[in-house]
Each structure stands twice: as structure tokens, then as C-alpha cells.
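To keep things clear, I will list the structure first and then write my remarks on it.
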Amino acid sequence: MTMPKIARAVALVLALAAVPWRAGAAAPVFRAGAAIGDMTPPAFDSSHHTPSIDPPGMTGARAWDFTEPYLDQNGNGMWDPGEPYADLNHNLRYDGIYLAGGGRDPLPPTRVADPITARAFVVDDGSKRVAVEVLDVIGMFSDDMDKIRAQVRKALGSNAPAEMFISSTHDESAPDVIGLWGTGLTSLGSGIGNAGVSDYWMSFAIKRAAQAIIAATRNLKPASLRFAETTQPDDFLTCWSSYPYVRASKIPIMQAVATSSGAPIFTLMNYGIHAESLSFNGGTPELQAEKYWLSADWPYWARRALETRYGGVGIQMAGPVGSVETPKVFPSGTVSARPTGQNDPGHPAGCRTIFSTTGTPVALGYFDETRAVGEGVAARVIAALDSSAESSISTQVSFARRAFFVPLTNALFVAAGFGQVFPRRPFYVAGVELPQLSQLVAQPIGTLLSLHPPGPNAGALEVRTEMVAYRIGDAQFISTPGEEFPIGYVRGFQGPDDMPYPKDQMTAWVTARMTGRYRFIEGLGEDMIGYLFPKANSVGVPGDRPVQEAQTAIAGGDPTGDTDRFGCGHSDDSEATSGKSGNVVSATAISLLGSGVAGDRILKGRWVWPDGSLHRDPLGDGTLGCDVATRSFAPAPGAPIAVSVLDGSAMRRLTIPGDAVAFIDYNGMSQGLIPTVDTRGVLLANGSRVYVDVYPSFPGS
């Protein structure tokens, strides 16, 4: 989208804002409320600040509240490892404000571009009350989410929501909530560790997040729910930082409308890409400076457009964001709708794409690319709501939650965790929580690691996490406690030979087991345990595989590194708890969801091209890898004419059109007779769906 087109789009949104919004005549079967909590750290105020004590001699400049006093010995205006500081909360590390994620040095932020917020809505069906909240952070741990819930329950008592579902936008321009992005993480200088998370700010953020749920609960009013679904803008060039390149471009939408006034209370959209466009700015000094701004990134611009059009509270819920980086925004009609081959789009995020483009992309920058991404998504959401929204048929709310453990084999995470880089993330052995290093000052790190060694034999070392499945009217939500690769929940067109480790397991197919009319993936929901992908795709998890196994599977380069046998990088894999975590998570999701829609089935099969040949991909053939042998893609000679499936022990051929009346996407929605990269099956004439599992081997293919 060029800047003139962006300006016209904004003008259209502003013009629409002047049109009174009236909902349909749906009956008021729910009550709903929404509110926003501002978690932005205030600027430092010498007369009023936290911590409130200023010990003599600790005169270092502090730009932000919630930072501990220190002595600036080198005069650079910030605390550095080795400089004296006042450990006023006795956590044995320096507490400061640092930005999480992104491609930048570990420095404090320089200014506020837009607020860091907690956005909550509450829905009550008359018998059950639930809250949904999304935080502008890179990924909050479950223990801190529990603190939010505890404060809400204390304040509201029996009026508190029965369940509170909390997730993160994966904002990489917000304060660190994990601990990975402080300065001097490997230094033990003055204290045991120097994680990037401030416990003072965390207390403030947790309080503000709780207040948003409390306010939303107290603002409940009769309301109706309406839903729609759209697809990401066709001028977005999706790119990925790790193989395989599977896109999840659907955007389900939910809106609550007050029955008394017809005014929207909240508008929720669910889109799975990183919120990192600002943090990976590059080029001019001005753009480099923007990388250090506090911001909600593109969700700020998207929510601003939604609130301009409808009022109420705009909310962006992350989906399967794993490896899905900031898209480049091109002029309309210049990005291919189908794969053409793997190539480098030249984005500072260092990602790869499988689509081709013409034209000049929108320039990097907060007021350019970041704004274009947010407003582009919002424009699609607004168009869908205004043209095709449906009132909820279901009048009920339901939910289920499950706690479970995932293995921790990542050697770097183990060492960093015991070194207090993750000061707010407990580890477990056989279900028993281990003490933090700050509680074991007298015990050397080496002793702890010898007791619980990292690597494939460290099965007893675990992380406790949680997942939820819940329904609100016609919406069904399934969470994933981290950065889920799309292939892990929505599948793709890959087979074993397209994976780095063909003999290892693929994850269970989650979205095909969902039953809701509108299906939402609560990305980074209920926890943040890192990247999640199939074991068959686990390449760069430190200590996860024996070196001999890695040497067999990885062609070229360091066998213990992150390059697979197709020449593709897996930089994200190093941020996984283990190579098995994605499989454990998807299996837990299936156990929460149950057997799926009655009549719908997942069948092994292949797409039948017009020439009668069988293929995994309805659009063409190609691994879309990164070396010369695997990067190309050959398009199909037209849309599939049928799908061949194995139904029990019998082979069936479902003609298109004929036996099947339409293609369906991974959310079960009809696509008509034009397949896309989101196609996963067919809609039969009797109204049931067949999801085509192309991963296993298939007779005759």
C-alpha cells in the first residue's frame, strides 16, 4: 500500500466514524463489558518514584520509574554490569526497564510512542462469566498471569469471572517480562544475574491488567455477539524466519454490541504475525532511533482504526505467530497469491518468503510500515464486519483448562534459568518445583547442572504450563502456550520428505478437530514457553539431539547448528524448551477439543490434478527449501478436479464439483471452487467436511 493509498484508507475510516452504528435485531442474550489498563512505565520523577529509597551515592540518571538506584561510574547514563546499585527488593540483580525482543542492543527505551496496555472483555451468559485479556508484551509467564487472576478474585469476590483467559500480543517494543533482554546477562558482576525484567514494573503491570478485568466486569450490560472472518490483506508479503513456510492468514472476528444503544462494546480480531515491525527498523539514524521507542507496534494502529470506526475497545489477539515475521507491504495486486519459489525479501527481520512481488514496498518506520500493517489489517476486519457479520446462534459460554508438563532439554535455557535470566519462570523435576538460584546462592551453578544435566537424557527437567479451550457464543478458542509454528496447528502441504527429520513425528492436526463456527487460536495464551513446532522440524534446539543424529540429517555446515538438510535456517528453534514440546502441546489441545464436528472427518488423501496425477498440494509441487535443489515451485495445471481419500480400507474419489461442492480452509470455512494456500479439504454436498491429511504416505502417489 503506497502512502497516498494509506491516506485514503484512513480518510475512509474517519468518514465511516461519522456514520451512526446500529447492530441487527439480535436478542440480548449476553452481558458484556470491556476496559483498558495502561501498563506504560512512567518517566522517572525524582519526587515520586518506585522504589522510593535513594541511598547516598547512588546518583546515576534514571529515565524510567521502577528502576533501582545505581552509581554511574562510566558516565554513560545507564547501569552497566559491575557498577554498584541498590538491590532494594533483595532479588540479587539489577531491576531496570529494557525492551524485549527485536534487533537492537540491550538499552533502556528512549520515549513512549503509544501506550502499552492490557485490553480485557468480559462476557456473561446468565450462568457463566468469563474474561478474556490480551497484554501488550512479548509473552507473559503463567505464574504472573495467575497473579492477575488472584487480584481480580480478591477485588470482586463471588462476582469475579469463573475463568480468566490471558494472552500476549508478542509485542517486541514493550518492557521485558521474561528476563532475556537486560544488559550483561552473562556477567555476575554486582549480583547473581542481570535479567531484563523489573520486578517493580511487573507488579505495576499486573495490577493494571487486573484493574482492566475488574472494570470490564463492573461495566457489564446487555449485549449481542456477532462474528465474521476475513483473510490478511493481499498486499502483504508474508515472510518466515524458520522453515517450513506455512501461512495461517485467516482473521476471525468477534464483536459485542450493546442492545440499548447499538454501540459496539469491543471488537476482537485474531491474526498471527509477530508484533515486531518497529523493533526491526533499519537504515537511517532516525529509523534506528525508533527501535528504542515503547510501543504496542502495529496492533496499536489496528486497534486505533477499529475504535475510530466503532468506538468501544479494540483488541488484537495473536494467533500462531511462530516464525511468522513482519510482512512487507506492497502496492495492491503486486504480491503473488500462490507460491512461486523460496526467496529473500530483504527485510531487516532476516526472513524468507515463498511469494513473488513487483513494485516498491512501503518504507520502514513507525509512521510508514508499522502503521500500514496495522491499518491494512483493520481495513479488512472493518470490511468483513460491515458486509458479512453474523449474529451468534449459540447463547452459551463454556470452558476447560488443563495443566501439564513439557520437557526442558534446551541446554541454553537450563543454564540461563539457573543463572536467573528467567527470574519469574520456575523449573520442575518430576512435578516438584526447583528453587530459583537467588534461593541457592551458596550452591554453584555447575553443581545444579550436574544434578540435572541438559540434553536428551534430561527427561526429568520440566516446565509446567497450561492450556485452555473455551466457547463464547459461536466462537471457539484453543490456546497455545507460546509461539506456535502454523504447521503445528493448521498443517500444510508437507510430507515426511519435506521435513528435516523424516522419521520423527508430526504434530496432531488441531484446527481440524475444532467444532466452532468461528475458530480462534489464542497465541501465547496462558503462558510463554518459547517456540512450538513438530519434532520432525526440530533442528536448532541446543542439546536436544545427539550430534551423530544431527550429522546424519543436516547437510553442510555445523551439525550442531541451525541449518537443515534443505539449506534452510532454523534460528527460532533455539528458543524452544525442547524439540518435543510442540507435539506435547498439540496432543493436549486435541484432548481438550475432543472428537470434532459430528460428520466431519480427517482422511488420508491426495489432491487429483486435471491430468489425473496425485499430489499433496492443490496449488503445485515443490519443497520450497533454501538450496538450489529444493527452492523451486512448479504450479499445478489448474485447480484440482477431485480428492482421493482412504476411507477406512476403501479408496474413494470425491469429484470437485460434484461429490464436493467447495474447497474449505483450515478453519472449515467454504472457499468456493478456488483453492488457496489456506485450503485443507472439501465441503461435501451433505454439508459435512473432509479434511485431507496429505502428510502420510498414500497408495499410488
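Labels used: A, B, ... for chains in the order of the C-alpha cells, numbers from 1 for residues in each chain, and numbers from 1 for ligands as shown.
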
message = Based on the backbone DSSP call, show me all residues of region 212-376 of chain A assigned alpha helix (DSSP H), as a ChimeraX atom specification.
response = /A:212-218,285-290,298-310,371-376

How close does each residue of region 39-148 of chain A get to region 242-259 of chain A, giving the shortest atom pair and distance in Å to one decimal for every residue with an atom at most 12 Å away, counting only C-alpha atoms, sorted by chain and residue number, as JSON lines?
```
{"residue": "A:Phe121", "atom": "CA", "partner": "A:Ala256", "partner_atom": "CA", "distance": 9.4}
{"residue": "A:Val122", "atom": "CA", "partner": "A:Ala256", "partner_atom": "CA", "distance": 10.0}
{"residue": "A:Val123", "atom": "CA", "partner": "A:Ala256", "partner_atom": "CA", "distance": 8.9}
{"residue": "A:Asp124", "atom": "CA", "partner": "A:Ala256", "partner_atom": "CA", "distance": 11.5}
```

Written file, previous selection with N, CA and C atoms, as a PDB file, in the first residue's frame:
```
ATOM      1  N   PHE A 121     -12.063  -8.021  27.920  1.00  0.00           N
ATOM      2  CA  PHE A 121     -13.525  -8.019  27.829  1.00  0.00           C
ATOM      3  C   PHE A 121     -14.072  -9.167  28.668  1.00  0.00           C
ATOM      4  N   VAL A 122     -15.287  -8.992  29.139  1.00  0.00           N
ATOM      5  CA  VAL A 122     -15.973  -9.982  29.959  1.00  0.00           C
ATOM      6  C   VAL A 122     -17.320 -10.272  29.312  1.00  0.00           C
ATOM      7  N   VAL A 123     -17.678 -11.550  29.244  1.00  0.00           N
ATOM      8  CA  VAL A 123     -18.973 -11.967  28.697  1.00  0.00           C
ATOM      9  C   VAL A 123     -19.648 -12.890  29.711  1.00  0.00           C
ATOM     10  N   ASP A 124     -20.938 -12.674  29.900  1.00  0.00           N
ATOM     11  CA  ASP A 124     -21.745 -13.438  30.855  1.00  0.00           C
ATOM     12  C   ASP A 124     -22.970 -13.953  30.112  1.00  0.00           C
TER      13      ASP A 124
END
```

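Atom pair CA of Leu592 (chain A) / CA of Val510 (chain A): separated by 10.2 Å.
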
task = Using only C-alpha atoms, find the one residue out of A:Gly341, A:Gly82, A:Gly431, A:Pro299 that sits nearest to Thr370 (chain A).
result = A:Pro299

Contacts of Ala43 (chain A) at 8 Å (only C-alpha atoms; same-chain gap of 4+ positions) as an mmCIF file with N, CA and C atoms, in the first residue's frame:
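This is the output file around-v3.cif:
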```
data_model
loop_
_atom_site.group_PDB
_atom_site.id
_atom_site.type_symbol
_atom_site.label_atom_id
_atom_site.label_comp_id
_atom_site.auth_asym_id
_atom_site.auth_seq_id
_atom_site.Cartn_x
_atom_site.Cartn_y
_atom_site.Cartn_z
ATOM 1 N N ALA A 63 15.853 7.141 33.530
ATOM 2 C CA ALA A 63 14.853 7.681 32.615
ATOM 3 C C ALA A 63 13.446 7.234 32.983
ATOM 4 N N TRP A 64 13.327 6.053 33.626
ATOM 5 C CA TRP A 64 12.014 5.459 33.856
ATOM 6 C C TRP A 64 11.816 5.108 35.319
ATOM 7 N N ASP A 65 10.566 5.174 35.729
ATOM 8 C CA ASP A 65 10.202 4.680 37.047
ATOM 9 C C ASP A 65 10.434 3.168 37.098
#
```

key: Expected answer as a PyMOL selection string: strand (DSSP E) residues in region 463-679 of chain A   = chain A and resi 463-472+475-480+483-484+518-523+531-532+601-608+614-615+620-621+634-635+642-647+650-655+660-665+670-672+679

Pull C-alpha atoms from the residues just selected and write them as a compact mmCIF listing (two decimals), in the first residue's frame.
```txt
# COMPACT_ATOMS: atom_id res chain seq x y z
CA VAL A 463 8.32 -26.69 32.63
CA ARG A 464 4.78 -26.57 33.95
CA THR A 465 2.31 -24.86 31.63
CA GLU A 466 -1.42 -24.64 30.92
CA MET A 467 -3.84 -24.74 28.01
CA VAL A 468 -7.50 -23.81 27.63
CA ALA A 469 -10.36 -24.46 25.27
CA TYR A 470 -13.40 -22.22 25.58
CA ARG A 471 -16.52 -21.10 23.77
CA ILE A 472 -18.25 -17.75 23.73
CA ALA A 475 -16.66 -18.61 18.83
CA GLN A 476 -14.39 -21.47 19.87
CA PHE A 477 -10.91 -20.74 21.21
CA ILE A 478 -7.95 -23.07 21.63
CA SER A 479 -4.81 -21.73 23.27
CA THR A 480 -1.17 -22.46 22.62
CA GLU A 483 4.99 -19.08 19.62
CA GLU A 484 3.24 -21.82 17.69
CA TYR A 518 -15.65 -19.30 14.18
CA ARG A 519 -12.31 -20.67 15.33
CA PHE A 520 -9.75 -18.60 17.22
CA ILE A 521 -6.20 -19.58 18.15
CA GLU A 522 -5.18 -17.86 21.38
CA GLY A 523 -1.47 -17.49 20.60
CA TYR A 531 8.72 -21.76 20.08
CA LEU A 532 6.49 -24.74 19.31
CA ARG A 601 -13.58 -36.43 9.17
CA ILE A 602 -9.83 -36.26 8.72
CA LEU A 603 -8.88 -38.72 5.97
CA LYS A 604 -5.54 -39.58 4.42
CA GLY A 605 -5.56 -38.39 0.84
CA ARG A 606 -4.17 -36.56 -2.14
CA TRP A 607 -5.40 -33.86 -4.48
CA VAL A 608 -6.17 -35.02 -8.03
CA LEU A 614 -1.99 -37.27 -7.23
CA HIS A 615 -0.32 -34.50 -5.20
CA GLY A 620 1.70 -27.09 -7.22
CA ASP A 621 4.80 -29.08 -6.34
CA ALA A 634 6.03 -25.82 -10.14
CA PRO A 635 2.41 -24.65 -10.36
CA ALA A 642 -11.09 -34.34 -7.22
CA VAL A 643 -9.62 -35.55 -3.97
CA SER A 644 -8.64 -39.17 -3.48
CA VAL A 645 -9.02 -40.35 0.13
CA LEU A 646 -8.61 -43.55 2.11
CA ASP A 647 -11.92 -44.09 3.93
CA ALA A 650 -11.68 -48.31 0.88
CA MET A 651 -10.38 -45.78 -1.62
CA ARG A 652 -12.82 -43.00 -2.51
CA ARG A 653 -12.65 -40.35 -5.18
CA LEU A 654 -14.59 -37.18 -4.41
CA THR A 655 -15.12 -35.07 -7.51
CA ALA A 660 -17.67 -31.95 -3.06
CA VAL A 661 -19.29 -28.55 -3.58
CA ALA A 662 -16.39 -26.37 -2.38
CA PHE A 663 -12.88 -26.29 -1.02
CA ILE A 664 -12.51 -25.46 2.69
CA ASP A 665 -9.76 -23.68 4.59
CA SER A 670 -16.03 -22.65 2.40
CA GLN A 671 -13.69 -21.21 -0.24
CA GLY A 672 -15.89 -21.89 -3.25
CA THR A 679 -7.02 -24.88 1.57
```

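Shortest atom-to-atom contact with Gly365 (chain A) among A:Arg401, A:Lys291, A:Arg309, A:Lys207: A:Lys291, counting only C-alpha atoms.
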
key: Who sits within 10 Å of Pro108 (chain A), only C-alpha atoms, same chain under 5 positions skipped, as a PyMOL selection string   = chain A and resi 62-64+78-79+96-99+175+182-183+196+292-294

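Between CA of Thr217 (chain A) and CA of Pro161 (chain A) there is a distance of 7.7 Å.
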
request  = For region 284-290 of chain A, work out the shell of residues within 9 Å, counting only C-alpha atoms and skipping chain neighbours fewer than 5 positions away, then give it as a PyMOL selection string.
outcome  = chain A and resi 104+110-111+113+278-279+364-366

Give me the residues near Gly312 (chain A) as an mmCIF file with C-alpha atoms, in the first residue's frame, where near means some atom within 9 Å (using only C-alpha atoms) and where sequence neighbours in that chain fewer than 5 positions away do not count.
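Ended up saving to result.cif:
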```
data_model
loop_
_atom_site.group_PDB
_atom_site.id
_atom_site.type_symbol
_atom_site.label_atom_id
_atom_site.label_comp_id
_atom_site.auth_asym_id
_atom_site.auth_seq_id
_atom_site.Cartn_x
_atom_site.Cartn_y
_atom_site.Cartn_z
ATOM 1 C CA ALA A 34 -14.655 -4.121 28.188
ATOM 2 C CA ALA A 35 -11.875 -1.951 29.575
ATOM 3 C CA ALA A 263 -22.881 0.765 20.136
ATOM 4 C CA PRO A 264 -20.077 -1.816 19.962
ATOM 5 C CA ILE A 265 -18.514 -2.645 23.330
ATOM 6 C CA PHE A 266 -15.440 -4.389 21.961
ATOM 7 C CA THR A 267 -14.103 -5.669 18.651
ATOM 8 C CA LEU A 306 -11.205 -0.200 14.873
ATOM 9 C CA GLU A 307 -12.001 2.209 17.698
#
```
